[in-house]
Each structure stands twice: as C-alpha cells, then as structure tokens.
$ cat data05.pdb   # PDB, C-alpha atoms and all ligand atoms
ATOM      1  CA  MET A 893     -70.824  42.440  37.570  1.00  0.00           C
ATOM      2  CA  CYS A 894     -69.359  44.761  40.181  1.00  0.00           C
ATOM      3  CA  LYS A 895     -66.381  43.409  42.049  1.00  0.00           C
ATOM      4  CA  ILE A 896     -67.902  41.024  44.555  1.00  0.00           C
ATOM      5  CA  PHE A 897     -65.149  38.657  45.399  1.00  0.00           C
ATOM      6  CA  LYS A 898     -65.682  35.105  46.458  1.00  0.00           C
ATOM      7  CA  SER A 899     -65.022  34.622  50.122  1.00  0.00           C
ATOM      8  CA  VAL A 900     -65.789  30.959  50.254  1.00  0.00           C
ATOM      9  CA  GLU A 901     -63.568  28.939  52.550  1.00  0.00           C
ATOM     10  CA  ASN A 902     -62.202  26.471  49.999  1.00  0.00           C
ATOM     11  CA  VAL A 903     -60.933  29.329  47.804  1.00  0.00           C
ATOM     12  CA  ASN A 904     -59.197  30.921  50.790  1.00  0.00           C
ATOM     13  CA  ALA A 905     -57.649  27.598  51.828  1.00  0.00           C
ATOM     14  CA  ARG A 906     -56.358  26.967  48.309  1.00  0.00           C
ATOM     15  CA  TYR A 907     -54.944  30.516  48.200  1.00  0.00           C
ATOM     16  CA  ILE A 908     -52.915  29.829  51.358  1.00  0.00           C
ATOM     17  CA  GLU A 909     -51.487  26.620  49.833  1.00  0.00           C
ATOM     18  CA  ILE A 910     -50.494  28.443  46.654  1.00  0.00           C
ATOM     19  CA  LEU A 911     -49.046  31.375  48.602  1.00  0.00           C
ATOM     20  CA  LYS A 912     -46.796  28.962  50.517  1.00  0.00           C
ATOM     21  CA  ASP A 913     -45.609  27.390  47.219  1.00  0.00           C
ATOM     22  CA  GLU A 914     -44.922  30.778  45.696  1.00  0.00           C
ATOM     23  CA  LEU A 915     -42.957  31.973  48.720  1.00  0.00           C
ATOM     24  CA  LYS A 916     -40.601  29.019  48.196  1.00  0.00           C
ATOM     25  CA  ILE A 917     -39.920  29.783  44.537  1.00  0.00           C
ATOM     26  CA  PHE A 918     -40.187  33.586  44.539  1.00  0.00           C
ATOM     27  CA  ASP A 919     -37.400  35.234  42.508  1.00  0.00           C
ATOM     28  CA  GLU A 920     -36.666  38.122  40.115  1.00  0.00           C
ATOM     29  CA  ASN A 921     -38.749  36.405  37.443  1.00  0.00           C
ATOM     30  CA  ALA A 922     -41.983  36.960  39.422  1.00  0.00           C
ATOM     31  CA  GLU A 923     -43.370  39.778  37.276  1.00  0.00           C
ATOM     32  CA  ASN A 924     -42.826  37.766  34.091  1.00  0.00           C
ATOM     33  CA  ARG A 925     -44.632  34.838  35.642  1.00  0.00           C
ATOM     34  CA  ILE A 926     -47.602  37.090  36.381  1.00  0.00           C
ATOM     35  CA  LYS A 927     -47.653  38.208  32.722  1.00  0.00           C
ATOM     36  CA  GLU A 928     -47.507  34.613  31.472  1.00  0.00           C
ATOM     37  CA  LEU A 929     -50.247  33.491  33.840  1.00  0.00           C
ATOM     38  CA  LYS A 930     -52.519  36.385  32.823  1.00  0.00           C
ATOM     39  CA  LYS A 931     -51.945  35.563  29.151  1.00  0.00           C
ATOM     40  CA  LYS A 932     -52.872  31.943  29.775  1.00  0.00           C
ATOM     41  CA  ILE A 933     -55.991  32.959  31.757  1.00  0.00           C
ATOM     42  CA  LEU A 934     -57.196  35.171  28.889  1.00  0.00           C
ATOM     43  CA  GLU A 935     -56.409  32.489  26.288  1.00  0.00           C
ATOM     44  CA  GLU A 936     -58.514  30.007  28.251  1.00  0.00           C
ATOM     45  CA  ARG A 937     -61.362  32.548  28.356  1.00  0.00           C
ATOM     46  CA  GLU A 938     -61.386  32.695  24.563  1.00  0.00           C
ATOM     47  CA  LYS A 939     -62.274  28.998  24.506  1.00  0.00           C
ATOM     48  CA  VAL A 940     -65.668  29.686  26.128  1.00  0.00           C
ATOM     49  CA  SER A 941     -68.632  31.411  24.485  1.00  0.00           C
ATOM     50  CA  CYS A 942     -71.427  33.324  26.155  1.00  0.00           C
ATOM     51  CA  GLY A 943     -74.426  31.035  26.709  1.00  0.00           C
ATOM     52  CA  LYS A 944     -76.810  34.009  26.250  1.00  0.00           C
ATOM     53  CA  CYS A 945     -78.673  33.218  29.457  1.00  0.00           C
ATOM     54  CA  GLY A 946     -79.178  36.954  30.091  1.00  0.00           C
ATOM     55  CA  SER A 947     -78.315  36.742  33.797  1.00  0.00           C
ATOM     56  CA  CYS A 948     -75.580  39.367  33.744  1.00  0.00           C
ATOM     57  CA  CYS A 949     -77.839  41.898  31.963  1.00  0.00           C
ATOM     58  CA  ARG A 950     -80.956  41.137  34.026  1.00  0.00           C
ATOM     59  CA  LEU A 951     -79.428  40.719  37.473  1.00  0.00           C
ATOM     60  CA  ALA A 952     -76.175  42.557  38.071  1.00  0.00           C
ATOM     61  CA  ALA A 953     -75.128  42.500  41.718  1.00  0.00           C
ATOM     62  CA  CYS A 954     -73.080  45.371  43.089  1.00  0.00           C
ATOM     63  CA  PRO A 955     -71.999  46.351  46.618  1.00  0.00           C
ATOM     64  CA  SER A 956     -72.457  50.048  45.731  1.00  0.00           C
ATOM     65  CA  SER A 957     -75.758  51.925  45.861  1.00  0.00           C
ATOM     66  CA  PRO A 958     -76.755  54.225  42.968  1.00  0.00           C
ATOM     67  CA  GLU A 959     -75.751  57.214  45.152  1.00  0.00           C
ATOM     68  CA  ASP A 960     -72.283  55.726  45.765  1.00  0.00           C
ATOM     69  CA  LEU A 961     -71.875  54.940  42.088  1.00  0.00           C
ATOM     70  CA  ASN A 962     -72.864  58.484  41.120  1.00  0.00           C
ATOM     71  CA  GLU A 963     -70.372  59.902  43.611  1.00  0.00           C
ATOM     72  CA  LYS A 964     -67.608  57.650  42.287  1.00  0.00           C
ATOM     73  CA  ALA A 965     -68.551  58.567  38.724  1.00  0.00           C
ATOM     74  CA  LYS A 966     -68.249  62.274  39.576  1.00  0.00           C
ATOM     75  CA  ARG A 967     -64.749  61.601  40.922  1.00  0.00           C
ATOM     76  CA  GLY A 968     -63.788  60.069  37.567  1.00  0.00           C
ATOM     77  CA  ASP A 969     -64.292  56.360  38.214  1.00  0.00           C
ATOM     78  CA  THR A 970     -64.920  55.007  34.705  1.00  0.00           C
ATOM     79  CA  PHE A 971     -66.365  51.695  35.862  1.00  0.00           C
ATOM     80  CA  ALA A 972     -68.903  53.418  38.153  1.00  0.00           C
ATOM     81  CA  LYS A 973     -69.857  55.843  35.392  1.00  0.00           C
ATOM     82  CA  GLU A 974     -70.471  53.093  32.849  1.00  0.00           C
ATOM     83  CA  PHE A 975     -72.282  50.938  35.381  1.00  0.00           C
ATOM     84  CA  ILE A 976     -74.732  53.622  36.509  1.00  0.00           C
ATOM     85  CA  ASN A 977     -75.334  54.702  32.915  1.00  0.00           C
ATOM     86  CA  THR A 978     -76.135  51.117  31.930  1.00  0.00           C
ATOM     87  CA  PHE A 979     -77.991  49.641  34.878  1.00  0.00           C
ATOM     88  CA  SER A 980     -81.070  50.598  36.902  1.00  0.00           C
ATOM     89  CA  LEU A 981     -81.671  49.556  40.492  1.00  0.00           C
ATOM     90  CA  TYR A 982     -84.368  46.971  41.261  1.00  0.00           C
ATOM     91  CA  GLU A 983     -86.637  48.791  43.703  1.00  0.00           C
ATOM     92  CA  ASP A 984     -88.542  45.564  44.310  1.00  0.00           C
ATOM     93  CA  LEU A 985     -86.183  42.839  45.518  1.00  0.00           C
ATOM     94  CA  SER A 986     -88.795  40.126  45.057  1.00  0.00           C
ATOM     95  CA  GLU A 987     -88.759  40.924  41.336  1.00  0.00           C
ATOM     96  CA  ALA A 988     -84.967  40.534  41.282  1.00  0.00           C
ATOM     97  CA  LYS A 989     -85.126  37.276  43.225  1.00  0.00           C
ATOM     98  CA  SER A 990     -87.837  35.808  41.014  1.00  0.00           C
ATOM     99  CA  LEU A 991     -85.543  35.943  37.964  1.00  0.00           C
ATOM    100  CA  PHE A 992     -82.567  33.956  39.236  1.00  0.00           C
ATOM    101  CA  PRO A 993     -83.364  32.850  42.804  1.00  0.00           C
ATOM    102  CA  GLU A 994     -80.278  30.650  43.265  1.00  0.00           C
ATOM    103  CA  TYR A 995     -77.876  33.415  42.248  1.00  0.00           C
ATOM    104  CA  PHE A 996     -79.813  35.995  44.286  1.00  0.00           C
ATOM    105  CA  ASP A 997     -79.586  33.828  47.407  1.00  0.00           C
ATOM    106  CA  ALA A 998     -75.923  32.893  46.852  1.00  0.00           C
ATOM    107  CA  VAL A 999     -74.840  36.531  46.536  1.00  0.00           C
ATOM    108  CA  ASN A1000     -76.878  37.605  49.562  1.00  0.00           C
ATOM    109  CA  LYS A1001     -75.317  34.811  51.596  1.00  0.00           C
ATOM    110  CA  LEU A1002     -71.756  35.868  50.753  1.00  0.00           C
ATOM    111  CA  VAL A1003     -72.072  39.639  50.904  1.00  0.00           C
ATOM    112  CA  ASP A1004     -73.589  41.682  53.747  1.00  0.00           C
ATOM    113  CA  LYS A1005     -75.009  44.565  51.740  1.00  0.00           C
ATOM    114  CA  ILE A1006     -75.727  44.180  48.081  1.00  0.00           C
ATOM    115  CA  TYR A1007     -77.740  46.000  45.431  1.00  0.00           C
ATOM    116  CA  PHE A1008     -79.300  44.379  42.382  1.00  0.00           C
ATOM    117  CA  TYR A1009     -79.514  46.143  39.039  1.00  0.00           C
ATOM    118  CA  HIS A1010     -80.809  45.426  35.563  1.00  0.00           C
ATOM    119  CA  CYS A1011     -80.296  46.769  32.084  1.00  0.00           C
ATOM    120  CA  LYS A1012     -83.480  47.910  30.375  1.00  0.00           C
ATOM    121  CA  LEU A1013     -82.064  47.255  26.917  1.00  0.00           C
ATOM    122  CA  VAL A1014     -81.755  43.471  26.996  1.00  0.00           C
ATOM    123  CA  THR A1015     -84.226  41.840  24.616  1.00  0.00           C
ATOM    124  CA  GLU A1016     -86.681  39.031  25.430  1.00  0.00           C
ATOM    125  CA  ASP A1017     -84.343  36.534  23.835  1.00  0.00           C
ATOM    126  CA  ASN A1018     -81.454  37.777  25.994  1.00  0.00           C
ATOM    127  CA  LEU A1019     -79.647  39.692  23.289  1.00  0.00           C
ATOM    128  CA  CYS A1020     -78.042  43.122  23.430  1.00  0.00           C
ATOM    129  CA  PRO A1021     -79.598  45.502  20.878  1.00  0.00           C
ATOM    130  CA  LYS A1022     -76.384  47.516  20.693  1.00  0.00           C
ATOM    131  CA  TYR A1023     -73.982  44.603  20.930  1.00  0.00           C
ATOM    132  CA  GLU A1024     -71.188  46.145  18.838  1.00  0.00           C
ATOM    133  CA  ASP A1025     -71.370  49.413  20.798  1.00  0.00           C
ATOM    134  CA  ARG A1026     -72.081  47.950  24.219  1.00  0.00           C
ATOM    135  CA  PRO A1027     -70.245  49.548  27.165  1.00  0.00           C
ATOM    136  CA  GLN A1028     -66.727  48.354  27.962  1.00  0.00           C
ATOM    137  CA  ILE A1029     -67.930  46.871  31.291  1.00  0.00           C
ATOM    138  CA  CYS A1030     -70.223  44.573  29.277  1.00  0.00           C
ATOM    139  CA  LYS A1031     -67.430  43.653  26.858  1.00  0.00           C
ATOM    140  CA  ASP A1032     -65.154  42.847  29.790  1.00  0.00           C
ATOM    141  CA  PHE A1033     -67.593  40.653  31.715  1.00  0.00           C
ATOM    142  CA  PRO A1034     -66.616  38.224  33.073  1.00  0.00           C
ATOM    143  CA  ASP A1035     -63.038  39.334  33.565  1.00  0.00           C
ATOM    144  CA  ASN A1036     -62.126  38.098  37.006  1.00  0.00           C
ATOM    145  CA  PRO A1037     -62.559  34.454  38.005  1.00  0.00           C
ATOM    146  CA  LEU A1038     -62.585  35.486  41.679  1.00  0.00           C
ATOM    147  CA  GLU A1039     -65.962  37.165  41.264  1.00  0.00           C
ATOM    148  CA  ILE A1040     -69.278  35.436  41.930  1.00  0.00           C
ATOM    149  CA  TYR A1041     -70.787  34.470  38.586  1.00  0.00           C
ATOM    150  CA  PRO A1042     -74.456  33.849  37.837  1.00  0.00           C
ATOM    151  CA  MET A1043     -75.301  30.171  38.377  1.00  0.00           C
ATOM    152  CA  ASN A1044     -75.971  29.440  34.721  1.00  0.00           C
ATOM    153  CA  CYS A1045     -73.118  31.488  33.281  1.00  0.00           C
ATOM    154  CA  SER A1046     -71.184  29.418  30.770  1.00  0.00           C
ATOM    155  CA  TYR A1047     -67.968  31.087  31.966  1.00  0.00           C
ATOM    156  CA  LYS A1048     -68.151  29.146  35.227  1.00  0.00           C
ATOM    157  CA  LYS A1049     -66.287  26.438  33.303  1.00  0.00           C
ATOM    158  CA  TRP A1050     -63.485  28.922  32.647  1.00  0.00           C
ATOM    159  CA  GLN A1051     -63.603  30.075  36.261  1.00  0.00           C
ATOM    160  CA  THR A1052     -63.035  26.532  37.486  1.00  0.00           C
ATOM    161  CA  ALA A1053     -60.299  25.830  34.928  1.00  0.00           C
ATOM    162  CA  VAL A1054     -58.207  28.901  35.787  1.00  0.00           C
ATOM    163  CA  MET A1055     -58.916  29.282  39.500  1.00  0.00           C
ATOM    164  CA  ASP A1056     -55.454  28.052  40.552  1.00  0.00           C
ATOM    165  CA  ASP A1057     -53.782  30.346  38.033  1.00  0.00           C
ATOM    166  CA  ILE A1058     -55.696  33.406  39.224  1.00  0.00           C
ATOM    167  CA  LEU A1059     -54.907  32.572  42.854  1.00  0.00           C
ATOM    168  CA  ARG A1060     -51.254  32.243  41.817  1.00  0.00           C
ATOM    169  CA  VAL A1061     -51.363  35.710  40.237  1.00  0.00           C
ATOM    170  CA  LYS A1062     -52.869  37.057  43.446  1.00  0.00           C
ATOM    171  CA  ALA A1063     -50.255  35.285  45.599  1.00  0.00           C
ATOM    172  CA  ILE A1064     -47.289  36.578  43.547  1.00  0.00           C
ATOM    173  CA  THR A1065     -48.797  40.096  43.492  1.00  0.00           C
ATOM    174  CA  ASP A1066     -49.251  40.006  47.268  1.00  0.00           C
ATOM    175  CA  ILE A1067     -45.641  38.860  47.772  1.00  0.00           C
ATOM    176  CA  LEU A1068     -44.376  41.621  45.455  1.00  0.00           C
ATOM    177  CA  LYS A1069     -46.296  44.198  47.513  1.00  0.00           C
ATOM    178  CA  LEU A1070     -44.649  42.929  50.697  1.00  0.00           C
ATOM    179  CA  GLU A1071     -41.212  43.057  49.045  1.00  0.00           C
ATOM    180  CA  ASN A1072     -41.624  46.725  48.018  1.00  0.00           C
TER     181      ASN A1072
HETATM  182  S1  LIG A1101     -75.828  47.137  27.293  1.00  0.00           S
HETATM  183 FE1  LIG A1101     -76.202  45.187  26.287  1.00  0.00          FE
HETATM  184  S2  LIG A1101     -74.650  43.773  27.088  1.00  0.00           S
HETATM  185 FE2  LIG A1101     -74.726  45.557  28.447  1.00  0.00          FE
HETATM  186  S3  LIG A1101     -76.147  44.979  30.085  1.00  0.00           S
HETATM  187 FE3  LIG A1101     -77.356  46.055  28.524  1.00  0.00          FE
HETATM  188  S4  LIG A1101     -78.153  44.479  27.158  1.00  0.00           S
HETATM  189 FE4  LIG A1101     -76.498  43.566  28.381  1.00  0.00          FE
HETATM  190  S1  LIG A1102     -74.202  35.345  32.600  1.00  0.00           S
HETATM  191 FE1  LIG A1102     -72.543  34.471  31.358  1.00  0.00          FE
HETATM  192  S2  LIG A1102     -73.529  33.105  29.873  1.00  0.00           S
HETATM  193 FE2  LIG A1102     -75.119  34.418  30.751  1.00  0.00          FE
HETATM  194  S3  LIG A1102     -75.277  36.138  29.312  1.00  0.00           S
HETATM  195 FE3  LIG A1102     -73.829  36.763  30.901  1.00  0.00          FE
HETATM  196  S4  LIG A1102     -71.785  36.181  30.128  1.00  0.00           S
HETATM  197 FE4  LIG A1102     -73.312  35.103  28.889  1.00  0.00          FE
END
$ encode --input "data05.pdb" --output "structure tokens" --more "lines below"
Ligand code: SF4
Ligand code: SF4
Amino acid sequence: MCKIFKSVENVNARYIEILKDELKIFDENAENRIKELKKKILEEREKVSCGKCGSCCRLAACPSSPEDLNEKAKRGDTFAKEFINTFSLYEDLSEAKSLFPEYFDAVNKLVDKIYFYHCKLVTEDNLCPKYEDRPQICKDFPDNPLEIYPMNCSYKKWQTAVMDDILRVKAITDILKLEN
C-alpha cells in the first residue's frame, strides 16, 4: 500500500521506449496530454471491482518502519498519519509470509528493506467493518499502477491495461521537469 515502485527490468525498458517517443512529439500541449491520460487511467479503474481477497488489509507492505511513519506523521504527512493509525506491524514475519507467500516473496525480492503491516479491523470474510468511513488511503488503493500489487488483486488487470499510459504520464512529467 505504501509507495513501493516496480523496478522490474521490462517496465524500465518500456519506459525508455516511451520516453524516446514522447521526446519526439513534445510540445506546448504536454500538460493537457497528462490530464487526458490521467482521466483515461481513472476511467479504466472504474471498470474493475475489488475482488475482496483481503490482501491489502492483511498484508500491507511499506518501506517505512513504524518509527519513520510516526516521525513523518508528526511533520504533517497525511499518508503516514493515516497509515500508522490504520495498520499494525507484523512482529513475526513468518506469520506475514504464511498469509500470502507469493506476494511476500515478490516484494522482498524487489525491495531491500520492507516492513509488513496488517489492519486489525478486517473481518474473517475480508470485509471492512467501517467501509463507508474507511481512511482515505484505503479508498485510494490501488491508485498507482507502478506499485507492486498483491498477487490476487483484481486490479492487476487494470494495472496491465494502463501500464503504457502511466509510463507515458511519467515520461511527459520527467520531460517537463527537465524543461523547467
Ligand atoms: S480500515 Fe477497512 S479497508 Fe482499511 S485496511 Fe482496515 S479493514 Fe481494510
Ligand atoms: S488486494 Fe485488490 S482485490 Fe484484494 S481486497 Fe485489496 S483492492 Fe480488493
């Protein structure tokens, strides 16, 4: 759930291809293109429903420790504040791994230091008891197709469908930064 970006080689290679394309066609319309692409990405997301597998509530991976999150929260970081108020750290990593071993291994392979958390509220049938009032971070998940998603997350379909578009947004944004 925290921002753990994919660093897999094929994504990086595709990003370079798209960046080269975008450099050729870059013009004053770039910011509008970003807006249109983001709109399309969100529209595509609406076509997918949560599969209620419970992975994101039971095994949230984050590169920040509880201490880091508390520090960030004190400095006004809203995401960190919501995250640490929602999730508890797994003290026993074997417990975390036993829930979703494939996801646990995949995240550990891609990220050097990672912490696994869980929400104590999720019900046995993977529902949120305060669904309407759930934290914004839960409402937003998944919001970035460049993150690593749980293996059985139904939004992986969306991730695959919009991957080129999100890489295009990143490429145009990176070019705009260089221009300014
Ligand atoms: S608050 Fe609800 S949606 Fe958020 S992690 Fe907990 S059970 Fe899941
Ligand atoms: S991991 Fe994906 S499919 Fe599973 S509960 Fe979370 S959002 Fe829904």
$ resolve_selection --input "data05.pdb" --expression "the PyMOL selection byres (((not hetatm)) within 7 of (chain A and resi 1102))" --output "list in words"
Cys942, Gly943, Lys944, Cys945, Gly946, Ser947, Cys948, Cys949, Phe1033, Pro1034, Tyr1041, Pro1042, Asn1044, Cys1045, Ser1046 and Tyr1047 of chain A
$ write_last_selection --input "data05.pdb" --atoms "C-alpha atoms" --output "PDB file, in the frame of the given file"
ATOM      1  CA  CYS A 942     -71.427  33.324  26.155  1.00  0.00           C
ATOM      2  CA  GLY A 943     -74.426  31.035  26.709  1.00  0.00           C
ATOM      3  CA  LYS A 944     -76.810  34.009  26.250  1.00  0.00           C
ATOM      4  CA  CYS A 945     -78.673  33.218  29.457  1.00  0.00           C
ATOM      5  CA  GLY A 946     -79.178  36.954  30.091  1.00  0.00           C
ATOM      6  CA  SER A 947     -78.315  36.742  33.797  1.00  0.00           C
ATOM      7  CA  CYS A 948     -75.580  39.367  33.744  1.00  0.00           C
ATOM      8  CA  CYS A 949     -77.839  41.898  31.963  1.00  0.00           C
ATOM      9  CA  PHE A1033     -67.593  40.653  31.715  1.00  0.00           C
ATOM     10  CA  PRO A1034     -66.616  38.224  33.073  1.00  0.00           C
ATOM     11  CA  TYR A1041     -70.787  34.470  38.586  1.00  0.00           C
ATOM     12  CA  PRO A1042     -74.456  33.849  37.837  1.00  0.00           C
ATOM     13  CA  ASN A1044     -75.971  29.440  34.721  1.00  0.00           C
ATOM     14  CA  CYS A1045     -73.118  31.488  33.281  1.00  0.00           C
ATOM     15  CA  SER A1046     -71.184  29.418  30.770  1.00  0.00           C
ATOM     16  CA  TYR A1047     -67.968  31.087  31.966  1.00  0.00           C
TER      17      TYR A1047
END
$ residues_near_ligand --input "data05.pdb" --ligand "ligand LIG 1101 (chain A)" --cutoff "7 Å" --atoms "all atoms listed in the file" --output "JSON list (two decimals) with C-alpha atoms, in the coordinates of the input"
[["chain", "number", "residue", "atom", "x", "y", "z"],
["A", 948, "CYS", "CA", -75.58, 39.37, 33.74],
["A", 949, "CYS", "CA", -77.84, 41.90, 31.96],
["A", 978, "THR", "CA", -76.14, 51.12, 31.93],
["A", 979, "PHE", "CA", -77.99, 49.64, 34.88],
["A", 1011, "CYS", "CA", -80.30, 46.77, 32.08],
["A", 1012, "LYS", "CA", -83.48, 47.91, 30.38],
["A", 1013, "LEU", "CA", -82.06, 47.26, 26.92],
["A", 1014, "VAL", "CA", -81.76, 43.47, 27.00],
["A", 1019, "LEU", "CA", -79.65, 39.69, 23.29],
["A", 1020, "CYS", "CA", -78.04, 43.12, 23.43],
["A", 1021, "PRO", "CA", -79.60, 45.50, 20.88],
["A", 1022, "LYS", "CA", -76.38, 47.52, 20.69],
["A", 1023, "TYR", "CA", -73.98, 44.60, 20.93],
["A", 1026, "ARG", "CA", -72.08, 47.95, 24.22],
["A", 1027, "PRO", "CA", -70.24, 49.55, 27.16],
["A", 1030, "CYS", "CA", -70.22, 44.57, 29.28]]
$ atom_distance --input "data05.pdb" --atom1 "CA of Ile1006 (chain A)" --atom2 "CA of Cys954 (chain A)"
5.8 Å
$ resolve_selection --input "data05.pdb" --expression "the PyMOL selection byres (((chain A and resi 985) around 12) and not hetatm)" --output "count of residues only"
22
$ closest_atom_pairs --input "data05.pdb" --of "region 935-1051 of chain A" --to "region 1057-1069 of chain A" --cutoff "12 Å" --atoms "only C-alpha atoms" --output "CSV"
residue,atom,partner,partner_atom,distance
A:Glu936,CA,A:Asp1057,CA,10.9
A:Asp1035,CA,A:Ile1058,CA,11.0
A:Asn1036,CA,A:Ile1058,CA,8.3
A:Pro1037,CA,A:Ile1058,CA,7.0
A:Leu1038,CA,A:Ile1058,CA,7.6
A:Glu1039,CA,A:Ile1058,CA,11.1
A:Trp1050,CA,A:Ile1058,CA,11.1
A:Gln1051,CA,A:Ile1058,CA,9.1
$ closest_residue --input "data05.pdb" --among "A:Lys1005, A:Glu974, A:Ile908, A:Lys927" --to "Lys1031 (chain A)" --atoms "only C-alpha atoms"
A:Glu974
$ atom_distance --input "data05.pdb" --atom1 "CA of Asn921 (chain A)" --atom2 "CA of Leu1070 (chain A)"
15.9 Å
$ atom_distance --input "data05.pdb" --atom1 "CA of Asn1018 (chain A)" --atom2 "CA of Arg937 (chain A)"
20.9 Å
$ residues_near_point --input "data05.pdb" --point "(-57.6, 22.2, 42.7)" --cutoff "8 Å" --atoms "only C-alpha atoms" --output "PyMOL selection string"
chain A and resi 906+1055-1056
$ write_last_selection --input "data05.pdb" --atoms "C-alpha atoms" --output "PDB file, in the frame of the given file"
ATOM      1  CA  ARG A 906     -56.358  26.967  48.309  1.00  0.00           C
ATOM      2  CA  MET A1055     -58.916  29.282  39.500  1.00  0.00           C
ATOM      3  CA  ASP A1056     -55.454  28.052  40.552  1.00  0.00           C
TER       4      ASP A1056
END
$ resolve_selection --input "data05.pdb" --expression "the PyMOL selection byres (((chain A and resi 975) around 9) and not hetatm)" --output "JSON, numbers by chain"
{"A": [893, 894, 961, 970, 971, 972, 973, 974, 976, 977, 978, 979, 980, 1027, 1029]}
$ closest_residue --input "data05.pdb" --among "A:Glu1016, A:Glu938, A:Asp1004, A:Asp1025" --to "Ser956 (chain A)" --atoms "all atoms listed in the file"
A:Asp1004
$ closest_residue --input "data05.pdb" --among "A:Thr1015, A:Lys966, A:Asn1072, A:Met1043" --to "Arg950 (chain A)" --atoms "all atoms listed in the file"
A:Thr1015
$ axis_aligned_box --input "data05.pdb" --around "region 1058-1070 of chain A" --padding-each-side "8 Å" --output "AutoDock Vina command-line options"
--center_x -50.0 --center_y 38.2 --center_z 45.0 --size_x 27.3 --size_y 28.0 --size_z 27.5
$ build_atoms --input "data05.pdb" --residues "region 943-954 of chain A" --atoms "N, CA and C atoms" --output "compact mmCIF listing (two decimals), in the frame of the given file"
# COMPACT_ATOMS: atom_id res chain seq x y z
N GLY A 943 -73.27 31.92 26.89
CA GLY A 943 -74.43 31.04 26.71
C GLY A 943 -75.73 31.80 26.49
N LYS A 944 -75.64 33.13 26.48
CA LYS A 944 -76.81 34.01 26.25
C LYS A 944 -77.97 33.70 27.20
N CYS A 945 -77.61 33.48 28.47
CA CYS A 945 -78.67 33.22 29.46
C CYS A 945 -79.31 34.53 29.94
N GLY A 946 -78.62 35.64 29.73
CA GLY A 946 -79.18 36.95 30.09
C GLY A 946 -79.00 37.34 31.56
N SER A 947 -78.41 36.45 32.35
CA SER A 947 -78.32 36.74 33.80
C SER A 947 -77.55 38.03 34.07
N CYS A 948 -76.42 38.21 33.39
CA CYS A 948 -75.58 39.37 33.74
C CYS A 948 -76.22 40.69 33.32
N CYS A 949 -77.14 40.66 32.36
CA CYS A 949 -77.84 41.90 31.96
C CYS A 949 -79.07 42.12 32.85
N ARG A 950 -79.70 41.01 33.27
CA ARG A 950 -80.96 41.14 34.03
C ARG A 950 -80.78 41.21 35.54
N LEU A 951 -79.63 40.73 36.02
CA LEU A 951 -79.43 40.72 37.47
C LEU A 951 -77.95 40.94 37.78
N ALA A 952 -77.57 42.20 37.78
CA ALA A 952 -76.18 42.56 38.07
C ALA A 952 -76.08 42.95 39.54
N ALA A 953 -75.27 42.23 40.28
CA ALA A 953 -75.13 42.50 41.72
C ALA A 953 -73.95 43.43 41.95
N CYS A 954 -74.15 44.39 42.84
CA CYS A 954 -73.08 45.37 43.09
C CYS A 954 -73.13 45.82 44.55
